[in-house]
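Asker: Provided below: start-v5.tsv, containing TSV, C-alpha atoms and all ligand atoms.
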chain	number	residue	atom	x	y	z
E	1	MET	CA	138.41	-87.74	41.86
E	2	HIS	CA	140.13	-89.56	44.63
E	3	TYR	CA	143.43	-91.35	44.39
E	4	THR	CA	144.37	-93.83	47.01
E	5	THR	CA	147.91	-94.53	45.97
E	6	LEU	CA	150.74	-92.59	44.54
E	7	ALA	CA	150.90	-95.22	41.82
E	8	SER	CA	147.39	-94.38	40.67
E	9	VAL	CA	148.33	-90.70	40.43
E	10	VAL	CA	151.31	-91.72	38.37
E	11	ALA	CA	149.14	-93.92	36.18
E	12	PHE	CA	146.69	-91.08	35.67
E	13	LEU	CA	149.40	-88.61	34.81
E	14	SER	CA	151.18	-91.05	32.57
E	15	ALA	CA	147.96	-91.54	30.65
E	16	THR	CA	147.27	-87.86	30.23
E	17	ALA	CA	150.71	-86.24	30.00
E	18	SER	CA	153.12	-86.22	27.11
E	19	LEU	CA	154.92	-89.49	26.50
E	20	ALA	CA	158.33	-87.99	27.11
E	21	ALA	CA	157.37	-86.90	30.59
E	22	SER	CA	155.67	-90.17	31.46
E	23	SER	CA	158.59	-92.42	30.52
E	24	ARG	CA	160.69	-90.77	33.22
E	25	LEU	CA	157.78	-91.25	35.58
E	26	ASP	CA	157.63	-94.92	34.67
E	27	THR	CA	161.25	-95.35	35.66
E	28	LEU	CA	160.70	-93.51	38.91
E	29	GLU	CA	157.64	-95.57	39.62
E	30	LYS	CA	159.55	-98.81	39.14
E	31	GLU	CA	162.23	-97.63	41.54
E	32	TYR	CA	159.52	-96.58	43.95
E	33	SER	CA	157.79	-99.96	43.76
E	34	HIS	CA	161.04	-101.69	44.50
E	35	ALA	CA	161.70	-99.51	47.54
E	36	GLU	CA	158.10	-100.10	48.64
E	37	PHE	CA	158.57	-103.83	48.33
E	38	GLU	CA	161.83	-103.87	50.29
E	39	ALA	CA	160.40	-101.66	53.02
E	40	SER	CA	157.35	-103.88	53.19
E	41	LYS	CA	159.45	-106.99	53.62
E	42	ALA	CA	161.44	-105.36	56.39
E	43	ALA	CA	158.22	-104.16	58.07
E	44	ALA	CA	156.78	-107.66	57.97
E	45	LEU	CA	159.96	-109.10	59.49
E	46	LEU	CA	159.92	-106.41	62.14
E	47	ALA	CA	156.26	-107.07	62.91
E	48	ARG	CA	157.03	-110.73	63.42
E	49	ALA	CA	160.14	-109.95	65.46
E	50	LYS	CA	157.98	-107.81	67.73
E	51	THR	CA	156.32	-110.96	68.96
E	52	TYR	CA	159.59	-112.73	69.75
E	53	GLY	CA	159.77	-111.51	73.34
E	54	ASN	CA	162.56	-109.67	75.11
E	55	SER	CA	165.61	-111.88	74.71
E	56	ALA	CA	168.83	-110.23	73.52
E	57	GLU	CA	168.52	-112.07	70.23
E	58	ALA	CA	164.96	-110.87	69.69
E	59	LYS	CA	165.98	-107.31	70.44
E	60	HIS	CA	168.88	-107.56	68.04
E	61	LYS	CA	166.59	-108.84	65.30
E	62	ARG	CA	164.16	-106.00	65.88
E	63	GLU	CA	166.97	-103.47	65.60
E	64	VAL	CA	168.28	-105.01	62.38
E	65	PHE	CA	164.86	-105.12	60.73
E	66	ALA	CA	163.98	-101.64	61.97
E	67	GLU	CA	167.20	-100.27	60.49
E	68	ARG	CA	166.59	-102.00	57.19
E	69	GLU	CA	163.04	-100.74	57.04
E	70	LYS	CA	164.14	-97.23	57.87
E	71	ARG	CA	166.66	-97.25	55.04
E	72	TRP	CA	164.07	-98.31	52.47
E	73	VAL	CA	161.42	-95.95	53.79
E	74	LYS	CA	163.91	-93.13	53.37
E	75	GLU	CA	164.53	-94.17	49.79
E	76	GLU	CA	160.77	-94.45	49.25
E	77	LYS	CA	160.31	-90.90	50.51
E	78	ARG	CA	163.06	-89.56	48.29
E	79	LEU	CA	161.41	-91.15	45.24
E	80	GLU	CA	157.99	-90.00	46.35
E	81	LYS	CA	159.23	-86.40	46.47
E	82	GLU	CA	160.73	-86.71	43.02
E	83	ILE	CA	157.55	-88.16	41.61
E	84	GLU	CA	155.49	-85.41	43.20
E	85	LYS	CA	157.83	-82.73	41.83
E	86	ARG	CA	157.64	-84.35	38.45
E	87	ALA	CA	153.87	-84.75	38.69
E	88	SER	CA	153.34	-81.09	39.54
E	89	THR	CA	155.41	-80.08	36.49
E	90	ILE	CA	153.25	-82.29	34.32
E	91	SER	CA	150.05	-80.99	35.87
E	92	ARG	CA	150.96	-77.53	34.67
E	93	ILE	CA	151.08	-78.78	31.09
E	94	VAL	CA	147.95	-80.88	31.29
E	95	ALA	CA	145.15	-78.39	30.97
E	96	GLY	CA	142.21	-78.92	33.23
E	97	HIS	CA	143.80	-81.43	35.56
E	98	ARG	CA	145.52	-79.11	37.95
E	99	THR	CA	143.20	-79.56	40.85
E	100	THR	CA	143.46	-83.32	40.54
E	101	THR	CA	147.20	-83.31	40.99
E	102	THR	CA	147.23	-80.86	43.84
E	103	ALA	CA	144.78	-83.18	45.57
E	104	ALA	CA	147.23	-86.07	45.29
E	105	PRO	CA	147.64	-87.63	48.71
E	106	THR	CA	150.94	-87.52	50.47
E	107	LYS	CA	151.66	-90.68	52.34
E	108	THR	CA	152.05	-90.31	56.05
E	109	VAL	CA	154.95	-91.97	57.74
E	110	SER	CA	152.66	-94.40	59.46
E	111	ARG	CA	151.18	-95.62	56.22
E	112	VAL	CA	154.63	-96.03	54.81
E	113	LEU	CA	155.57	-98.11	57.80
E	114	TRP	CA	152.57	-100.34	57.98
E	115	ASN	CA	150.84	-100.42	54.65
E	116	ASP	CA	151.09	-103.86	53.14
E	117	ARG	CA	152.76	-102.55	50.05
E	118	THR	CA	153.00	-105.82	48.19
E	119	THR	CA	149.21	-106.08	48.07
E	120	THR	CA	148.50	-102.44	47.15
E	121	ALA	CA	148.21	-103.20	43.45
E	122	THR	CA	145.70	-106.00	43.84
E	123	ALA	CA	143.82	-104.16	46.57
E	124	SER	CA	142.42	-101.57	44.17
E	125	LYS	CA	140.99	-104.35	42.03
E	126	SER	CA	139.08	-106.11	44.77
E	127	THR	CA	136.33	-103.57	45.29
E	128	THR	CA	133.68	-106.23	45.83
E	129	THR	CA	131.18	-105.12	48.41
E	130	THR	CA	131.45	-107.06	51.61
E	131	VAL	CA	128.42	-107.72	53.75
E	132	PRO	CA	128.94	-105.85	57.00
E	133	ALA	CA	129.61	-108.33	59.77
E	134	SER	CA	127.27	-108.18	62.69
E	135	THR	CA	128.87	-106.22	65.47
E	136	SER	CA	126.25	-107.18	68.00
E	137	THR	CA	128.55	-109.58	69.82
E	138	ALA	CA	131.61	-107.35	69.63
E	139	SER	CA	132.90	-105.99	72.89
E	140	SER	CA	132.58	-102.23	72.81
E	141	LYS	CA	136.25	-102.19	73.81
E	142	LYS	CA	137.52	-104.44	71.06
E	143	GLY	CA	139.26	-102.88	68.09
E	144	VAL	CA	142.12	-103.74	65.85
E	145	GLY	CA	145.19	-102.28	64.16
E	146	TYR	CA	144.96	-102.91	60.42
E	147	ASN	CA	146.94	-102.16	57.30
E	148	MET	CA	144.13	-102.68	54.76
E	149	ALA	CA	140.58	-101.56	55.50
E	150	SER	CA	139.13	-104.63	53.76
E	151	TYR	CA	140.91	-106.87	56.29
E	152	THR	CA	138.63	-105.56	59.04
E	153	SER	CA	135.37	-106.67	57.43
E	154	ASN	CA	135.13	-110.15	59.00
E	155	LEU	CA	136.21	-109.20	62.51
E	156	LYS	CA	133.71	-108.49	65.27
E	157	ILE	CA	135.08	-105.17	66.43
E	158	SER	CA	133.82	-101.79	67.52
E	159	TRP	CA	136.69	-99.63	66.40
E	160	ALA	CA	139.84	-99.76	64.29
E	161	TYR	CA	142.94	-97.77	63.46
E	162	ASN	CA	145.75	-98.06	60.94
E	163	TRP	CA	148.52	-95.92	62.45
E	164	GLY	CA	147.38	-93.35	59.92
E	165	GLN	CA	145.24	-90.26	59.60
E	166	THR	CA	142.67	-91.61	57.12
E	167	PRO	CA	140.93	-95.00	56.98
E	168	ASP	CA	142.02	-95.67	53.38
E	169	GLY	CA	138.91	-97.66	52.69
E	170	THR	CA	135.57	-98.39	54.28
E	171	LEU	CA	135.00	-99.96	57.68
E	172	ASN	CA	131.81	-101.84	58.51
E	173	ASN	CA	128.86	-99.86	59.80
E	174	GLY	CA	129.25	-99.24	63.49
E	175	VAL	CA	133.04	-99.61	63.48
E	176	GLU	CA	134.62	-96.35	64.60
E	177	TYR	CA	137.78	-95.23	62.85
E	178	VAL	CA	140.30	-93.60	65.16
E	179	PRO	CA	142.96	-91.51	63.41
E	180	MET	CA	146.50	-91.30	64.74
E	181	PHE	CA	149.03	-88.52	64.72
E	182	TRP	CA	151.94	-90.92	64.24
E	183	GLY	CA	154.73	-88.37	64.46
E	184	PRO	CA	155.97	-84.97	63.31
E	185	GLY	CA	156.19	-86.15	59.67
E	186	GLY	CA	152.40	-86.06	59.46
E	187	ALA	CA	152.00	-82.47	60.65
E	188	SER	CA	150.97	-80.88	57.34
E	189	THR	CA	147.97	-83.13	56.76
E	190	TRP	CA	146.89	-83.76	60.33
E	191	SER	CA	144.61	-80.85	61.04
E	192	ALA	CA	142.36	-81.43	58.02
E	193	ASN	CA	142.35	-85.21	58.44
E	194	ALA	CA	141.61	-85.11	62.16
E	195	GLN	CA	138.80	-82.63	61.56
E	196	LYS	CA	137.35	-84.84	58.85
E	197	ALA	CA	137.51	-87.92	61.08
E	198	ILE	CA	135.74	-86.08	63.89
E	199	SER	CA	133.02	-84.97	61.46
E	200	SER	CA	132.64	-88.61	60.39
E	201	GLY	CA	132.14	-89.81	63.94
E	202	SER	CA	135.58	-90.39	65.49
E	203	THR	CA	135.30	-89.56	69.15
E	204	HIS	CA	139.01	-89.94	69.94
E	205	LEU	CA	142.36	-89.03	68.42
E	206	LEU	CA	145.48	-91.13	69.04
E	207	GLY	CA	148.81	-89.43	69.80
E	208	MET	CA	152.28	-90.33	68.58
E	209	ASN	CA	153.31	-93.94	67.98
E	210	GLU	CA	156.07	-95.35	70.19
E	211	PRO	CA	158.03	-92.14	70.69
E	212	ASP	CA	160.11	-94.20	73.14
E	213	LEU	CA	161.44	-96.42	70.35
E	214	GLY	CA	164.19	-95.39	67.93
E	215	SER	CA	162.65	-97.22	64.99
E	216	GLN	CA	159.22	-95.67	65.52
E	217	SER	CA	158.40	-92.00	66.14
E	218	ASN	CA	161.58	-91.66	68.24
E	219	LEU	CA	161.04	-88.47	70.24
E	220	THR	CA	162.88	-87.12	73.24
E	221	ILE	CA	160.59	-85.86	75.98
E	222	PRO	CA	161.01	-82.19	74.95
E	223	GLN	CA	160.31	-83.15	71.32
E	224	ALA	CA	157.26	-85.14	72.36
E	225	VAL	CA	155.96	-82.20	74.40
E	226	ALA	CA	156.45	-79.77	71.50
E	227	THR	CA	154.88	-82.23	69.06
E	228	TRP	CA	151.90	-82.77	71.32
E	229	LYS	CA	151.31	-79.05	71.87
E	230	ALA	CA	151.56	-78.26	68.16
E	231	ASN	CA	149.33	-81.06	66.88
E	232	MET	CA	147.18	-82.61	69.60
E	233	SER	CA	146.43	-79.65	71.89
E	234	PRO	CA	144.48	-77.79	69.17
E	235	PHE	CA	141.98	-80.66	69.27
E	236	TYR	CA	141.48	-80.61	73.02
E	237	GLY	CA	137.77	-80.19	73.59
E	238	LYS	CA	136.93	-81.19	70.03
E	239	ALA	CA	137.66	-84.87	70.55
E	240	LYS	CA	139.00	-86.98	73.41
E	241	LEU	CA	142.78	-87.23	73.22
E	242	VAL	CA	144.73	-90.45	73.78
E	243	SER	CA	148.34	-90.19	74.97
E	244	PRO	CA	151.38	-91.12	72.89
E	245	ALA	CA	151.47	-94.94	72.74
E	246	VAL	CA	154.50	-96.42	74.47
E	247	THR	CA	156.21	-99.82	74.33
E	248	ASN	CA	156.49	-102.13	77.31
E	249	GLY	CA	160.23	-101.49	77.48
E	250	GLY	CA	161.87	-100.51	80.78
E	251	TYR	CA	162.75	-96.94	81.72
E	252	PRO	CA	163.36	-94.58	79.93
E	253	MET	CA	160.84	-96.39	77.73
E	254	GLY	CA	157.32	-97.53	78.53
E	255	VAL	CA	155.30	-96.23	81.46
E	256	GLY	CA	158.38	-94.33	82.71
E	257	TYR	CA	158.45	-92.40	79.45
E	258	LEU	CA	154.87	-91.28	80.06
E	259	GLN	CA	155.75	-90.30	83.63
E	260	ASP	CA	158.49	-88.07	82.25
E	261	PHE	CA	156.07	-86.70	79.67
E	262	ARG	CA	153.59	-85.92	82.44
E	263	GLY	CA	156.32	-84.31	84.55
E	264	ASN	CA	157.43	-82.12	81.68
E	265	CYS	CA	154.03	-80.95	80.51
E	266	THR	CA	151.16	-80.63	82.95
E	267	GLN	CA	149.06	-79.01	80.25
E	268	CYS	CA	149.55	-81.98	77.88
E	269	TRP	CA	148.71	-84.40	80.65
E	270	ASN	CA	145.54	-82.56	81.59
E	271	GLU	CA	144.39	-82.76	77.99
E	272	ILE	CA	144.81	-86.53	77.91
E	273	ASP	CA	141.69	-88.59	78.40
E	274	ALA	CA	143.23	-92.07	78.21
E	275	VAL	CA	146.70	-93.59	78.08
E	276	ALA	CA	147.84	-95.80	75.18
E	277	LEU	CA	150.16	-98.74	75.88
E	278	HIS	CA	151.64	-101.59	73.84
E	279	TRP	CA	152.49	-105.02	75.17
E	280	TYR	CA	154.49	-107.88	73.67
E	281	ASP	CA	155.78	-110.95	75.43
E	282	GLN	CA	155.35	-114.68	75.42
E	283	SER	CA	151.86	-116.12	75.32
E	284	TRP	CA	152.12	-117.91	78.65
E	285	ASN	CA	153.06	-114.70	80.44
E	286	THR	CA	149.53	-113.42	80.95
E	287	ASP	CA	150.24	-112.44	84.56
E	288	TYR	CA	152.80	-110.01	83.24
E	289	LEU	CA	150.15	-108.41	80.99
E	290	LYS	CA	147.67	-108.12	83.84
E	291	ASN	CA	150.24	-106.72	86.26
E	292	TYR	CA	151.68	-104.38	83.67
E	293	LEU	CA	148.33	-102.81	82.87
E	294	THR	CA	147.23	-102.68	86.50
E	295	ASP	CA	150.48	-101.00	87.58
E	296	ALA	CA	150.29	-98.55	84.66
E	297	TYR	CA	146.77	-97.58	85.65
E	298	ASN	CA	147.76	-97.10	89.28
E	299	THR	CA	150.84	-95.09	88.32
E	300	LEU	CA	149.32	-92.90	85.62
E	301	GLY	CA	145.78	-92.61	86.93
E	302	LYS	CA	144.04	-92.52	83.57
E	303	PRO	CA	141.96	-95.13	81.73
E	304	ILE	CA	144.02	-97.50	79.60
E	305	TRP	CA	143.90	-98.21	75.88
E	306	LEU	CA	146.05	-101.23	74.96
E	307	THR	CA	146.54	-100.34	71.30
E	308	GLU	CA	148.98	-103.11	70.34
E	309	PHE	CA	149.36	-106.48	71.99
E	310	ALA	CA	150.39	-109.98	71.05
E	311	GLY	CA	151.75	-113.05	72.78
E	312	SER	CA	154.38	-115.06	70.95
E	313	GLY	CA	154.20	-118.82	70.55
E	314	THR	CA	152.36	-121.39	68.47
E	315	VAL	CA	148.94	-120.54	67.08
E	316	ALA	CA	147.35	-122.66	69.81
E	317	GLU	CA	149.35	-120.81	72.47
E	318	GLN	CA	148.39	-117.45	70.99
E	319	GLN	CA	144.74	-118.46	70.91
E	320	GLN	CA	144.93	-119.49	74.55
E	321	PHE	CA	146.58	-116.16	75.32
E	322	LEU	CA	143.71	-114.24	73.71
E	323	LYS	CA	141.12	-116.37	75.52
E	324	THR	CA	142.79	-115.51	78.82
E	325	VAL	CA	143.46	-111.80	78.43
E	326	ILE	CA	140.44	-110.58	76.44
E	327	PRO	CA	137.76	-111.54	79.01
E	328	TRP	CA	139.98	-110.14	81.74
E	329	MET	CA	140.37	-106.81	79.92
E	330	ASP	CA	136.64	-106.67	79.25
E	331	ALA	CA	136.04	-107.09	82.98
E	332	GLN	CA	138.33	-104.23	84.07
E	333	PRO	CA	136.33	-100.99	84.04
E	334	TRP	CA	139.49	-98.88	83.80
E	335	ILE	CA	140.52	-100.58	80.55
E	336	GLN	CA	138.55	-98.62	77.97
E	337	ARG	CA	139.72	-100.15	74.73
E	338	TYR	CA	142.15	-102.65	73.25
E	339	ALA	CA	143.39	-103.51	69.77
E	340	GLY	CA	145.23	-106.73	68.96
E	341	PHE	CA	148.31	-106.79	66.75
E	342	GLY	CA	147.32	-107.25	64.24
E	343	ASP	CA	145.02	-107.36	61.32
E	344	PHE	CA	147.53	-108.22	58.60
E	345	ALA	CA	147.67	-110.94	55.99
E	346	GLY	CA	149.26	-114.00	57.57
E	347	ASN	CA	148.26	-112.96	61.06
E	348	TYR	CA	144.54	-112.31	61.79
E	349	VAL	CA	143.55	-112.70	58.13
E	350	ASN	CA	144.54	-114.54	55.00
E	351	SER	CA	145.35	-112.42	51.98
E	352	ASP	CA	141.75	-112.73	50.75
E	353	GLY	CA	140.51	-111.20	54.00
E	354	SER	CA	139.09	-114.42	55.47
E	355	LEU	CA	139.98	-114.97	59.11
E	356	THR	CA	142.86	-117.21	60.15
E	357	GLN	CA	142.47	-119.41	63.22
E	358	LEU	CA	144.13	-116.68	65.23
E	359	GLY	CA	141.87	-114.01	63.75
E	360	GLN	CA	138.85	-116.15	64.51
E	361	ALA	CA	139.94	-116.47	68.13
E	362	TYR	CA	140.47	-112.71	68.38
E	363	SER	CA	137.06	-112.06	66.83
E	364	ASP	CA	135.09	-114.64	68.80
E	365	THR	CA	136.58	-114.32	72.27
E	366	VAL	CA	134.38	-112.29	74.57
E	401	LIG	C1	166.39	-91.24	67.10
E	401	LIG	O1	166.59	-89.84	67.20
E	401	LIG	C2	167.91	-89.48	67.56
E	401	LIG	C3	167.95	-87.97	67.68
E	401	LIG	O2	167.08	-87.52	68.66
E	401	LIG	C4	168.89	-89.97	66.49
E	401	LIG	O3	170.20	-89.68	66.91
E	401	LIG	C5	168.72	-91.48	66.33
E	401	LIG	O4	169.53	-91.91	65.26
E	401	LIG	C6	167.27	-91.82	66.03
E	401	LIG	N1	167.15	-93.26	66.00
E	401	LIG	C7	166.69	-93.92	64.95
E	401	LIG	C8	166.71	-95.41	65.02
E	401	LIG	O5	166.29	-93.35	63.96
E	402	LIG	C1	161.42	-84.38	82.25
E	402	LIG	O1	161.95	-85.31	81.31
E	402	LIG	C2	163.26	-85.75	81.63
E	402	LIG	C3	163.70	-86.63	80.48
E	402	LIG	O2	163.83	-85.88	79.32
E	402	LIG	C4	163.27	-86.46	82.93
E	402	LIG	O3	164.60	-86.85	83.26
E	402	LIG	C5	162.72	-85.57	84.02
E	402	LIG	O4	162.62	-86.29	85.23
E	402	LIG	C6	161.34	-85.05	83.62
E	402	LIG	N1	160.89	-84.11	84.59
E	402	LIG	C7	159.88	-84.38	85.41
E	402	LIG	C8	159.52	-83.27	86.39
E	402	LIG	O5	159.26	-85.42	85.40
In structure tokens, how does this file's structure come out?
Answerer:
Amino acid sequence: MHYTTLASVVAFLSATASLAASSRLDTLEKEYSHAEFEASKAAALLARAKTYGNSAEAKHKREVFAEREKRWVKEEKRLEKEIEKRASTISRIVAGHRTTTTAAPTKTVSRVLWNDRTTTATASKSTTTTVPASTSTASSKKGVGYNMASYTSNLKISWAYNWGQTPDGTLNNGVEYVPMFWGPGGASTWSANAQKAISSGSTHLLGMNEPDLGSQSNLTIPQAVATWKANMSPFYGKAKLVSPAVTNGGYPMGVGYLQDFRGNCTQCWNEIDAVALHWYDQSWNTDYLKNYLTDAYNTLGKPIWLTEFAGSGTVAEQQQFLKTVIPWMDAQPWIQRYAGFGDFAGNYVNSDGSLTQLGQAYSDTV
């Protein structure tokens, strides 16, 4: 049996365990849902704020939303632990269901950060089979960052990732899932999940997410080196490894962060096949994107994966942005892959998974 959400584990246990035990679980689950909802709201605000550019006000907003999200994620984790503790107690009294509970998934930090929690409940209902979209016109470089696997089904893409270790759903045939080791919080599940992804056809593994940003994996260089060696190095030779993904902030963030990483761990650097970068600015500033990526390639000397990017502005301006930068990226041989930010309800897709105008532009531009 496979459970995709903690809530479904709770529902299963509540149905099978004694009523006394389940009523406490119900209360915990309600608290958990609330924390999930609040964290989700903050994550959505933060995602939007990420496209606001680099003004002082935009930065301030990002900090505020990141703080708020962090607080609720912390509360979510506390409740999750309690529910798991409680669930394992119950599993001992429910004969025959032990293995089911021990197989209960633990959420990774990345999923907690990016999963569209408000739609989790309805997501499990909509298991209608979607006709795989033709990928024949998709650029082999084009991927996407998603928070619900079903949101990828109408996009012409070749690969996808969800800041997580498992796809949490099914991608269309021919769309490669690339797992990510988001940060140290995911260490206990990583090895098995990465192995499984490789067995299922993932050729690459993504390293830590924005270690140069306090609200993301937030790692000093020594921490990043230790984290890389402990979790990514074991997979060197088994899959191609993509560097930690950095923001386009100025030093000590961004490309400078990766230079420090390189300087502090030659071994790590030698294991890296491609470098992951993020880019956010205003839609009209396409020269900045081109120069940023070109400079990064010249400085770091490895192929580039642009794993998050968005231009801010009106939908029309964002569409124009995509029509300018996507063909350019496709034409640069040293840019191996890119993934727009992002495949979320209200951005590339509507909540029913149909493409928005922006999503259509991302999908169709070649
Ligand atoms: C980032 O990590 C440092 C410790 O290395 C900690 O002091 C700081 O509060 C963290 N920032 C955030 C936003 O979590
Ligand atoms: C190692 O990282 C630190 C930052 O933690 C940086 O100041 C230093 O320049 C790096 N060393 C090298 C050789 O790049």
Asker: May I have the protein, DNA and RNA residues with an atom at most 8 Å from (145.4, -97.9, 76.8), counting only C-alpha atoms in the file's coordinates, returned as number ranges by chain?
Answerer: E: 245, 274-278, 303-307, 335-338
Asker: Just want the residues within 7 Å of ligand LIG 401 (chain E), written as a VMD selection string, counting all atoms listed in the file.
Answerer: chain E and resid 67 214 to 215 218 to 220
Asker: Around (147.3, -112.9, 82.0) in the file's frame, which residues reach within 10 Å when counting all atoms listed in the file? Return as a list in words?
Answerer: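 Those residues lying close to the given coordinates are Ser283, Trp284, Asn285, Thr286, Asp287, Tyr288, Leu289, Lys290, Asn291, Tyr292, Phe321, Leu322, Lys323, Thr324, Val325, Ile326, Trp328 and Met329 of chain E.
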Asker: Do a neighbour search on Glu69 of chain E at 7 Å with only C-alpha atoms, toss out local chain neighbours closer than 2 positions, and write the hits as a PyMOL selection string.
Answerer: chain E and resi 39+42-43+65-67+71-73
Asker: List all protein, DNA and RNA residues that have at least one atom no more than 10 Å from any atom of ligand LIG 402 (chain E), counting only C-alpha atoms and all ligand atoms, and write them as a list in words.
Answerer: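 For ligand LIG 402 (chain E), the residues inside 10 Å are Leu219, Thr220, Ile221, Pro222, Gln223, Ala224, Val225, Pro252, Gly256, Tyr257, Leu258, Gln259, Asp260, Phe261, Arg262, Gly263, Asn264, Cys265 and Thr266 of chain E.
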Asker: To one decimal in Å, tell me the separation between atom CA of Asn193 of chain E and atom CA of Lys302 of chain E.
Answerer: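 Going from atom CA of Asn193 of chain E over to atom CA of Lys302 of chain E, I get 26.2 Å.
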Asker: To one decimal place in Å, what is the distance between atom CA of Leu205 of chain E and atom CA of Gly249 of chain E?
Answerer: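 Computing it gives 23.6 Å between the two atoms.
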Asker: Model the absent atoms of segment 218-229 of chain E so that N, CA, C and O atoms are present, and write the result as a PDB file, in the coordinates of the input.
Answerer:
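Dumped everything to selection.pdb:
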ATOM      1  N   ASN E 218     160.250 -92.070  67.751  1.00  0.00           N
ATOM      2  CA  ASN E 218     161.580 -91.660  68.240  1.00  0.00           C
ATOM      3  C   ASN E 218     161.674 -90.199  68.675  1.00  0.00           C
ATOM      4  O   ASN E 218     162.326 -89.392  68.028  1.00  0.00           O
ATOM      5  N   LEU E 219     161.019 -89.860  69.785  1.00  0.00           N
ATOM      6  CA  LEU E 219     161.040 -88.470  70.240  1.00  0.00           C
ATOM      7  C   LEU E 219     161.583 -88.379  71.666  1.00  0.00           C
ATOM      8  O   LEU E 219     161.195 -89.163  72.530  1.00  0.00           O
ATOM      9  N   THR E 220     162.477 -87.407  71.873  1.00  0.00           N
ATOM     10  CA  THR E 220     162.880 -87.120  73.240  1.00  0.00           C
ATOM     11  C   THR E 220     161.658 -86.514  73.934  1.00  0.00           C
ATOM     12  O   THR E 220     160.693 -86.110  73.275  1.00  0.00           O
ATOM     13  N   ILE E 221     161.732 -86.432  75.255  1.00  0.00           N
ATOM     14  CA  ILE E 221     160.590 -85.860  75.980  1.00  0.00           C
ATOM     15  C   ILE E 221     160.300 -84.423  75.517  1.00  0.00           C
ATOM     16  O   ILE E 221     159.144 -84.104  75.203  1.00  0.00           O
ATOM     17  N   PRO E 222     161.323 -83.550  75.434  1.00  0.00           N
ATOM     18  CA  PRO E 222     161.010 -82.190  74.950  1.00  0.00           C
ATOM     19  C   PRO E 222     160.402 -82.188  73.540  1.00  0.00           C
ATOM     20  O   PRO E 222     159.486 -81.412  73.267  1.00  0.00           O
ATOM     21  N   GLN E 223     160.891 -83.071  72.670  1.00  0.00           N
ATOM     22  CA  GLN E 223     160.310 -83.150  71.320  1.00  0.00           C
ATOM     23  C   GLN E 223     158.865 -83.629  71.386  1.00  0.00           C
ATOM     24  O   GLN E 223     158.003 -83.130  70.656  1.00  0.00           O
ATOM     25  N   ALA E 224     158.625 -84.607  72.249  1.00  0.00           N
ATOM     26  CA  ALA E 224     157.260 -85.140  72.360  1.00  0.00           C
ATOM     27  C   ALA E 224     156.312 -84.057  72.885  1.00  0.00           C
ATOM     28  O   ALA E 224     155.187 -83.922  72.399  1.00  0.00           O
ATOM     29  N   VAL E 225     156.786 -83.280  73.840  1.00  0.00           N
ATOM     30  CA  VAL E 225     155.960 -82.200  74.400  1.00  0.00           C
ATOM     31  C   VAL E 225     155.633 -81.184  73.304  1.00  0.00           C
ATOM     32  O   VAL E 225     154.476 -80.792  73.111  1.00  0.00           O
ATOM     33  N   ALA E 226     156.654 -80.769  72.565  1.00  0.00           N
ATOM     34  CA  ALA E 226     156.450 -79.770  71.500  1.00  0.00           C
ATOM     35  C   ALA E 226     155.506 -80.319  70.431  1.00  0.00           C
ATOM     36  O   ALA E 226     154.622 -79.609  69.939  1.00  0.00           O
ATOM     37  N   THR E 227     155.706 -81.601  70.090  1.00  0.00           N
ATOM     38  CA  THR E 227     154.880 -82.230  69.060  1.00  0.00           C
ATOM     39  C   THR E 227     153.427 -82.325  69.511  1.00  0.00           C
ATOM     40  O   THR E 227     152.504 -82.080  68.742  1.00  0.00           O
ATOM     41  N   TRP E 228     153.256 -82.690  70.771  1.00  0.00           N
ATOM     42  CA  TRP E 228     151.900 -82.770  71.320  1.00  0.00           C
ATOM     43  C   TRP E 228     151.207 -81.406  71.268  1.00  0.00           C
ATOM     44  O   TRP E 228     150.080 -81.274  70.782  1.00  0.00           O
ATOM     45  N   LYS E 229     151.918 -80.394  71.781  1.00  0.00           N
ATOM     46  CA  LYS E 229     151.310 -79.050  71.870  1.00  0.00           C
ATOM     47  C   LYS E 229     150.940 -78.530  70.481  1.00  0.00           C
ATOM     48  O   LYS E 229     149.902 -77.900  70.302  1.00  0.00           O
TER      49      LYS E 229
END
